[in-house]
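Structure file protein-v4.cif (mmCIF, C-alpha atoms) follows.
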```
data_input
#
loop_
_atom_site.label_atom_id
_atom_site.label_comp_id
_atom_site.auth_asym_id
_atom_site.auth_seq_id
_atom_site.Cartn_x
_atom_site.Cartn_y
_atom_site.Cartn_z
CA MET A 1 -79.27 -83.74 58.09
CA GLU A 2 -82.08 -85.82 56.62
CA THR A 3 -80.83 -85.09 53.10
CA ASP A 4 -77.35 -86.15 54.13
CA LEU A 5 -78.66 -89.41 55.52
CA ASN A 6 -80.63 -90.03 52.33
CA ASN A 7 -77.52 -89.37 50.26
CA ILE A 8 -75.43 -91.66 52.51
CA ARG A 9 -77.98 -94.47 52.24
CA ALA A 10 -78.13 -94.04 48.47
CA CYS A 11 -74.36 -94.07 48.32
CA ILE A 12 -74.13 -97.31 50.34
CA ASP A 13 -76.63 -98.79 47.88
CA GLY A 14 -74.18 -97.97 45.10
CA ASP A 15 -75.33 -94.53 43.94
CA ASN A 16 -72.05 -92.68 43.42
CA GLU A 17 -73.83 -89.50 42.34
CA ALA A 18 -75.20 -89.21 45.87
CA TYR A 19 -71.65 -89.15 47.18
CA ARG A 20 -70.68 -86.51 44.64
CA ARG A 21 -73.44 -84.33 46.08
CA LEU A 22 -72.03 -84.82 49.59
CA VAL A 23 -68.50 -83.95 48.43
CA GLN A 24 -69.71 -80.80 46.73
CA LYS A 25 -71.69 -79.79 49.80
CA TYR A 26 -68.81 -80.12 52.29
CA GLU A 27 -65.61 -79.60 50.30
CA THR A 28 -65.35 -75.92 51.28
CA GLN A 29 -65.45 -76.67 55.01
CA ILE A 30 -63.04 -79.58 54.67
CA ALA A 31 -60.66 -77.52 52.51
CA ARG A 32 -60.72 -74.83 55.22
CA LEU A 33 -59.76 -77.44 57.83
CA MET A 34 -57.03 -79.02 55.70
CA TRP A 35 -55.57 -75.58 54.95
CA ARG A 36 -54.63 -75.50 58.63
CA PHE A 37 -52.41 -78.53 58.09
CA THR A 38 -50.64 -77.30 54.99
CA ARG A 39 -50.37 -73.98 53.23
CA ASP A 40 -49.50 -75.61 49.96
CA ARG A 41 -52.47 -75.53 47.60
CA THR A 42 -51.65 -78.81 45.84
CA GLU A 43 -51.04 -80.63 49.12
CA CYS A 44 -54.25 -79.21 50.53
CA GLU A 45 -56.25 -80.47 47.55
CA ARG A 46 -54.68 -83.90 47.94
CA LEU A 47 -55.57 -83.95 51.64
CA VAL A 48 -59.18 -82.94 50.94
CA GLN A 49 -59.33 -85.72 48.38
CA ASP A 50 -57.90 -88.21 50.91
CA VAL A 51 -60.50 -87.18 53.48
CA PHE A 52 -63.40 -87.81 51.11
CA VAL A 53 -62.03 -91.09 49.79
CA GLY A 54 -61.36 -92.24 53.37
CA ALA A 55 -64.87 -91.21 54.38
CA TYR A 56 -66.33 -93.09 51.43
CA LEU A 57 -64.48 -96.27 52.42
CA SER A 58 -65.78 -96.13 55.99
CA LEU A 59 -69.21 -94.72 55.18
CA LYS A 60 -70.90 -97.79 56.61
CA SER A 61 -69.45 -96.98 60.03
CA TYR A 62 -71.22 -93.59 60.11
CA ARG A 63 -74.08 -94.08 62.57
CA GLY A 64 -75.83 -90.78 61.94
CA GLN A 65 -75.66 -89.78 65.60
CA GLY A 66 -74.08 -86.40 64.86
CA PRO A 67 -73.91 -84.16 61.82
CA PHE A 68 -72.08 -85.65 58.85
CA LEU A 69 -69.75 -82.63 58.78
CA HIS A 70 -68.52 -83.39 62.32
CA TRP A 71 -67.74 -86.94 61.25
CA LEU A 72 -65.89 -85.65 58.18
CA LYS A 73 -63.92 -83.19 60.31
CA ARG A 74 -62.84 -86.03 62.58
CA ILE A 75 -61.50 -87.90 59.55
CA GLY A 76 -59.92 -84.65 58.33
CA THR A 77 -58.14 -84.07 61.63
CA ARG A 78 -56.67 -87.57 61.58
CA THR A 79 -55.70 -87.24 57.92
CA GLY A 80 -53.94 -83.95 58.65
CA TYR A 81 -52.16 -85.39 61.65
CA ARG A 82 -50.96 -88.33 59.54
CA PHE A 83 -49.73 -85.84 56.95
CA TRP A 84 -47.62 -84.08 59.58
CA LYS A 85 -46.24 -87.44 60.63
CA GLU A 86 -45.11 -88.09 57.05
CA GLN A 87 -43.61 -84.61 56.89
CA ASP A 88 -41.68 -85.25 60.10
CA LYS A 89 -40.19 -88.38 58.55
CA THR A 90 -38.90 -86.44 55.58
CA ARG A 91 -37.91 -83.64 57.95
CA GLN A 92 -39.46 -80.85 55.99
CA VAL A 93 -38.89 -77.74 58.00
CA LEU A 94 -41.30 -74.92 57.42
CA GLN A 95 -39.64 -71.68 56.54
CA LEU A 96 -41.10 -68.27 56.82
CA GLU A 97 -38.61 -66.27 54.82
CA ASP A 98 -39.94 -62.87 55.69
CA PHE A 99 -40.52 -63.44 59.39
CA ASP A 100 -37.88 -60.89 60.22
CA THR A 101 -39.57 -58.29 58.04
CA ILE A 102 -42.87 -58.50 59.92
CA GLU A 103 -42.00 -55.59 62.11
CA LYS A 104 -41.76 -53.44 59.02
CA SER A 105 -45.31 -54.35 58.00
CA LYS A 106 -47.98 -51.91 58.91
CA GLN A 107 -51.36 -52.85 60.25
CA GLU A 108 -53.04 -52.15 56.89
CA GLU A 109 -50.63 -54.43 55.04
CA PHE A 110 -50.92 -57.12 57.64
CA ASP A 111 -53.71 -59.26 56.29
CA SER A 112 -55.31 -62.43 57.64
CA ALA A 113 -53.17 -64.64 55.38
CA LYS A 114 -50.03 -63.17 56.90
CA ALA A 115 -51.36 -63.75 60.41
CA ALA A 116 -52.20 -67.37 59.54
CA GLU A 117 -48.76 -67.83 58.02
CA ILE A 118 -47.02 -66.61 61.17
CA LEU A 119 -49.10 -68.91 63.38
CA HIS A 120 -48.45 -71.82 61.05
CA TYR A 121 -44.74 -71.11 61.28
CA LEU A 122 -44.77 -70.86 65.07
CA PHE A 123 -46.90 -74.00 65.54
CA ALA A 124 -44.62 -75.96 63.22
CA ARG A 125 -41.85 -75.64 65.78
CA LEU A 126 -43.83 -77.60 68.32
CA PRO A 127 -44.08 -81.39 68.59
CA ARG A 128 -46.80 -82.86 66.38
CA ALA A 129 -49.39 -83.49 69.09
CA ASP A 130 -48.93 -80.02 70.63
CA ARG A 131 -49.23 -78.50 67.21
CA LEU A 132 -52.49 -80.35 66.62
CA VAL A 133 -54.21 -79.22 69.80
CA LEU A 134 -53.16 -75.61 69.27
CA THR A 135 -54.19 -75.66 65.62
CA LEU A 136 -57.63 -76.91 66.57
CA MET A 137 -57.87 -74.48 69.44
CA TYR A 138 -56.69 -71.30 67.73
CA PHE A 139 -57.74 -71.83 64.13
CA GLU A 140 -60.88 -73.92 64.57
CA GLU A 141 -61.94 -72.49 67.94
CA CYS A 142 -62.44 -76.01 69.30
CA SER A 143 -63.09 -76.61 72.99
CA SER A 144 -61.03 -79.28 74.75
CA GLU A 145 -64.07 -81.56 74.54
CA GLU A 146 -64.27 -81.10 70.77
CA ILE A 147 -60.50 -81.63 70.43
CA ALA A 148 -60.85 -84.85 72.43
CA ARG A 149 -63.67 -86.00 70.17
CA ARG A 150 -61.74 -85.24 67.01
CA THR A 151 -58.46 -86.75 68.09
CA GLY A 152 -59.75 -89.68 70.09
CA TRP A 153 -57.65 -88.61 73.10
CA SER A 154 -59.12 -88.23 76.58
CA ARG A 155 -60.33 -84.82 77.73
CA VAL A 156 -57.84 -84.72 80.60
CA ALA A 157 -54.98 -85.55 78.26
CA VAL A 158 -56.10 -82.80 75.87
CA LYS A 159 -56.32 -80.21 78.66
CA MET A 160 -52.84 -81.09 79.90
CA ARG A 161 -51.43 -81.02 76.40
CA VAL A 162 -53.00 -77.65 75.64
CA SER A 163 -51.55 -76.15 78.80
CA ARG A 164 -48.04 -77.49 78.08
CA ALA A 165 -48.23 -76.55 74.41
CA ARG A 166 -49.22 -72.98 75.26
CA LYS A 167 -46.18 -72.67 77.54
CA LYS A 168 -43.90 -73.94 74.80
CA LEU A 169 -45.54 -71.62 72.29
CA LYS A 170 -45.03 -68.67 74.60
CA ASN A 171 -41.33 -69.48 74.87
CA ILE A 172 -41.00 -69.75 71.10
CA ALA A 173 -42.86 -66.48 70.57
CA GLU A 174 -40.62 -64.75 73.08
CA LYS A 175 -37.52 -66.19 71.47
CA GLU A 176 -38.72 -64.91 68.10
CA LYS A 177 -39.39 -61.51 69.70
CA LEU A 178 -42.95 -61.57 68.46
CA GLN A 179 -44.00 -58.86 70.89
CA GLU A 180 -41.43 -56.45 69.51
CA LYS A 181 -42.18 -57.32 65.92
CA LEU A 182 -45.91 -56.86 66.34
CA GLU A 183 -45.75 -53.92 68.67
CA TRP A 184 -48.45 -52.03 66.77
CA MET A 185 -50.91 -54.77 67.68
CA HIS A 186 -50.96 -53.71 71.32
CA MET B 187 -48.61 -57.32 76.03
CA ASP B 188 -48.28 -61.02 76.73
CA ALA B 189 -46.99 -63.17 73.84
CA LEU B 190 -50.02 -65.43 74.11
CA LYS B 191 -52.35 -62.42 73.82
CA ILE B 192 -50.64 -61.48 70.55
CA ILE B 193 -51.04 -65.05 69.36
CA GLU B 194 -54.74 -64.90 70.16
CA LYS B 195 -55.03 -61.68 68.18
CA LEU B 196 -53.17 -63.28 65.30
CA ALA B 197 -55.50 -66.29 65.45
CA GLU B 198 -58.54 -64.03 65.42
CA LYS B 199 -57.24 -62.43 62.25
CA ALA B 200 -56.11 -65.76 60.76
CA ARG B 201 -59.58 -67.28 61.11
CA LYS B 202 -60.87 -64.71 58.65
CA GLU B 203 -58.42 -65.87 56.00
CA SER B 204 -60.00 -66.89 52.73
CA VAL B 205 -59.00 -70.40 51.77
CA PRO B 206 -58.17 -71.29 48.14
CA GLN B 207 -61.12 -73.14 46.70
CA SER B 208 -61.24 -75.83 44.09
CA ASP B 209 -63.73 -78.49 43.13
CA VAL B 210 -62.22 -81.81 44.21
CA SER B 211 -65.35 -83.87 43.49
CA PRO B 212 -64.20 -85.04 39.98
CA MET B 213 -60.89 -86.27 41.46
CA VAL B 214 -62.62 -87.94 44.41
CA MET B 215 -65.14 -89.69 42.17
CA HIS B 216 -62.35 -90.78 39.83
CA GLU B 217 -60.43 -92.32 42.72
CA ILE B 218 -63.54 -94.02 44.09
CA ASN B 219 -64.37 -95.47 40.66
CA ALA B 220 -60.78 -96.72 40.34
CA LEU B 221 -61.05 -98.38 43.76
CA GLN B 222 -64.32 -100.05 42.78
CA ARG B 223 -62.73 -101.36 39.57
CA THR B 224 -59.85 -102.81 41.58
CA GLU B 225 -62.31 -104.46 43.95
CA SER B 226 -64.24 -106.02 41.05
CA GLY B 227 -60.92 -107.19 39.57
CA VAL B 228 -60.26 -109.13 42.77
CA LEU B 229 -63.40 -111.27 42.30
CA PRO B 230 -62.18 -113.43 39.38
CA LEU B 231 -58.95 -113.98 41.31
CA GLU B 232 -60.94 -115.28 44.27
CA PHE B 233 -63.04 -117.41 41.93
CA PHE B 234 -59.98 -119.12 40.43
CA ALA B 235 -58.44 -119.56 43.85
CA GLY B 236 -61.63 -121.34 44.95
CA ILE B 237 -61.63 -123.64 41.93
CA SER B 238 -57.96 -124.50 42.55
CA ALA B 239 -58.72 -125.31 46.19
CA VAL B 240 -61.57 -127.66 45.18
CA ALA B 241 -59.37 -129.40 42.59
CA ALA B 242 -56.56 -129.76 45.13
CA SER B 243 -58.88 -131.34 47.71
CA ILE B 244 -60.20 -133.89 45.13
CA ILE B 245 -56.65 -134.91 44.28
CA THR B 246 -55.83 -135.21 48.00
CA ILE B 247 -58.81 -137.52 48.61
CA LEU B 248 -57.82 -139.73 45.66
CA SER B 249 -54.21 -139.86 46.67
CA ILE B 250 -54.99 -141.08 50.21
CA SER B 251 -55.94 -144.55 48.90
CA ALA B 252 -52.91 -144.61 46.59
CA TRP B 253 -50.68 -143.68 49.54
CA GLN B 254 -51.34 -147.04 51.18
CA TYR B 255 -49.71 -148.89 48.25
CA ILE B 256 -46.62 -146.81 48.18
CA VAL B 257 -43.64 -148.81 49.38
CA ASN B 258 -40.35 -147.34 50.39
CA PRO B 259 -38.02 -148.08 47.45
CA LEU B 260 -35.08 -148.58 49.82
CA ILE B 261 -36.82 -151.60 51.30
CA GLN B 262 -35.85 -153.49 48.14
CA PHE B 263 -32.19 -153.30 49.16
CA ILE B 264 -32.82 -154.51 52.65
CA ALA B 265 -35.54 -157.13 52.18
CA PRO B 266 -33.58 -159.72 50.09
CA LEU B 267 -30.67 -159.58 52.49
CA GLN B 268 -32.88 -160.56 55.36
CA GLU B 269 -33.96 -163.73 53.57
CA MET B 270 -30.59 -164.64 52.11
CA PRO B 271 -28.80 -167.33 54.10
CA LEU B 272 -25.41 -166.20 55.21
CA TRP B 273 -23.76 -169.63 54.63
CA LYS B 274 -24.81 -173.02 53.31
#
```
Show me this structure written as structure tokens.
Amino acid sequence: METDLNNIRACIDGDNEAYRRLVQKYETQIARLMWRFTRDRTECERLVQDVFVGAYLSLKSYRGQGPFLHWLKRIGTRTGYRFWKEQDKTRQVLQLEDFDTIEKSKQEEFDSAKAAEILHYLFARLPRADRLVLTLMYFEECSSEEIARRTGWSRVAVKMRVSRARKKLKNIAEKEKLQEKLEWMH
Amino acid sequence: MDALKIIEKLAEKARKESVPQSDVSPMVMHEINALQRTESGVLPLEFFAGISAVAASIITILSISAWQYIVNPLIQFIAPLQEMPLWK
């Protein structure tokens, strides 16, 4: 924490190398977060880059009250949400070509990447804001308080949104016959 | 099993996913340096804008006194008529 603050102060004073150190320290965690917004490697890299450039531009507004990583994750969440907004404009619909073949997969073949892909596909069918709260909840294990902090929405609004989003997700999962396809998971 | 339970199980598995890694720091630093260069390029522009504003205000001050001597050229058409007797 102290090292981060020293690096931030040095960076504000014009030492770009200090910022490079910060980027190298946190890029793994930020890449992990941005991977939840896109499963395209190039897009993900671009988003990580956007997060760090955005953070650099508003570095003076960082008050040092919480860990620097939390502040970066807040910027990351907003960057990812903006990315979805752009995607919605171009109407890019996520396709999971082999969704119907899931049932044929065995537990051994069913790796974590596949599980993430299915969730990504299911969440993509929800409205943007619902998708965001569920992504943060399921992938990042965020509490409603943490979601509220990251998104800037009120805690009550987040709780309501989570509850509605879960209902919608359940309907989608049932429509896709997820229970039948992943019967072996029971 | 409830659909949401399956989703929770999927999420538990998905969290263990290894994320593709790459070093973005060179690209970030490149973009930051480019932004700084753009910012420094704006300075001369502001400098010349300032000089132009000073020059314009000097000209304005000088022209205020000259403004008082400016006569409407159309007055020349009207003024002699006023003095000309209509009949003798």
Given the PyMOL selection byres ((chain A) within 8 of (chain B)), the residues it picks as an MDAnalysis selection string: chainID A and resid 16 20 23:24 27:28 31:32 35 41 45 48:49 52:53 56 111:116 119 138:140 166 169:170 173:174 178:179 182 185:186
Separation of atom CA of A:Val51 from atom CA of A:Gly76 in Å: 5.5 Å
Atom pair atom CA of A:Ile30 / atom CA of A:Lys73: separation (Å): 6.8 Å
Point-to-point distance from atom CA of A:Leu69 to atom CA of A:Arg39, Å rounded to tenths: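 Answer for the atom CA of A:Leu69 to atom CA of A:Arg39 separation: 21.9 Å.
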Would you translate the PyMOL selection byres ((chain A and resi 158) around 9) into the concrete set of residues it matches in this file, as a PDB file with C-alpha atoms, keeping the file's coordinate frame?
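Written file, selection-v6.pdb:
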```
ATOM      1  CA  VAL A 133     -54.210 -79.220  69.800  1.00  0.00           C
ATOM      2  CA  SER A 144     -61.030 -79.280  74.750  1.00  0.00           C
ATOM      3  CA  GLU A 145     -64.070 -81.560  74.540  1.00  0.00           C
ATOM      4  CA  ILE A 147     -60.500 -81.630  70.430  1.00  0.00           C
ATOM      5  CA  ALA A 148     -60.850 -84.850  72.430  1.00  0.00           C
ATOM      6  CA  TRP A 153     -57.650 -88.610  73.100  1.00  0.00           C
ATOM      7  CA  SER A 154     -59.120 -88.230  76.580  1.00  0.00           C
ATOM      8  CA  ARG A 155     -60.330 -84.820  77.730  1.00  0.00           C
ATOM      9  CA  VAL A 156     -57.840 -84.720  80.600  1.00  0.00           C
ATOM     10  CA  ALA A 157     -54.980 -85.550  78.260  1.00  0.00           C
ATOM     11  CA  LYS A 159     -56.320 -80.210  78.660  1.00  0.00           C
ATOM     12  CA  MET A 160     -52.840 -81.090  79.900  1.00  0.00           C
ATOM     13  CA  ARG A 161     -51.430 -81.020  76.400  1.00  0.00           C
ATOM     14  CA  VAL A 162     -53.000 -77.650  75.640  1.00  0.00           C
ATOM     15  CA  SER A 163     -51.550 -76.150  78.800  1.00  0.00           C
TER      16      SER A 163
END
```
Selection result for the PyMOL selection byres ((chain A and resi 64) around 12) on this file, as a PyMOL selection string: chain A and resi 1-9+59-63+65-72
With C-alpha atoms retained, write the just-selected residues as a compact mmCIF listing (two decimals), in the coordinates of the input.
```
# COMPACT_ATOMS: atom_id res chain seq x y z
CA MET A 1 -79.27 -83.74 58.09
CA GLU A 2 -82.08 -85.82 56.62
CA THR A 3 -80.83 -85.09 53.10
CA ASP A 4 -77.35 -86.15 54.13
CA LEU A 5 -78.66 -89.41 55.52
CA ASN A 6 -80.63 -90.03 52.33
CA ASN A 7 -77.52 -89.37 50.26
CA ILE A 8 -75.43 -91.66 52.51
CA ARG A 9 -77.98 -94.47 52.24
CA LEU A 59 -69.21 -94.72 55.18
CA LYS A 60 -70.90 -97.79 56.61
CA SER A 61 -69.45 -96.98 60.03
CA TYR A 62 -71.22 -93.59 60.11
CA ARG A 63 -74.08 -94.08 62.57
CA GLN A 65 -75.66 -89.78 65.60
CA GLY A 66 -74.08 -86.40 64.86
CA PRO A 67 -73.91 -84.16 61.82
CA PHE A 68 -72.08 -85.65 58.85
CA LEU A 69 -69.75 -82.63 58.78
CA HIS A 70 -68.52 -83.39 62.32
CA TRP A 71 -67.74 -86.94 61.25
CA LEU A 72 -65.89 -85.65 58.18
```
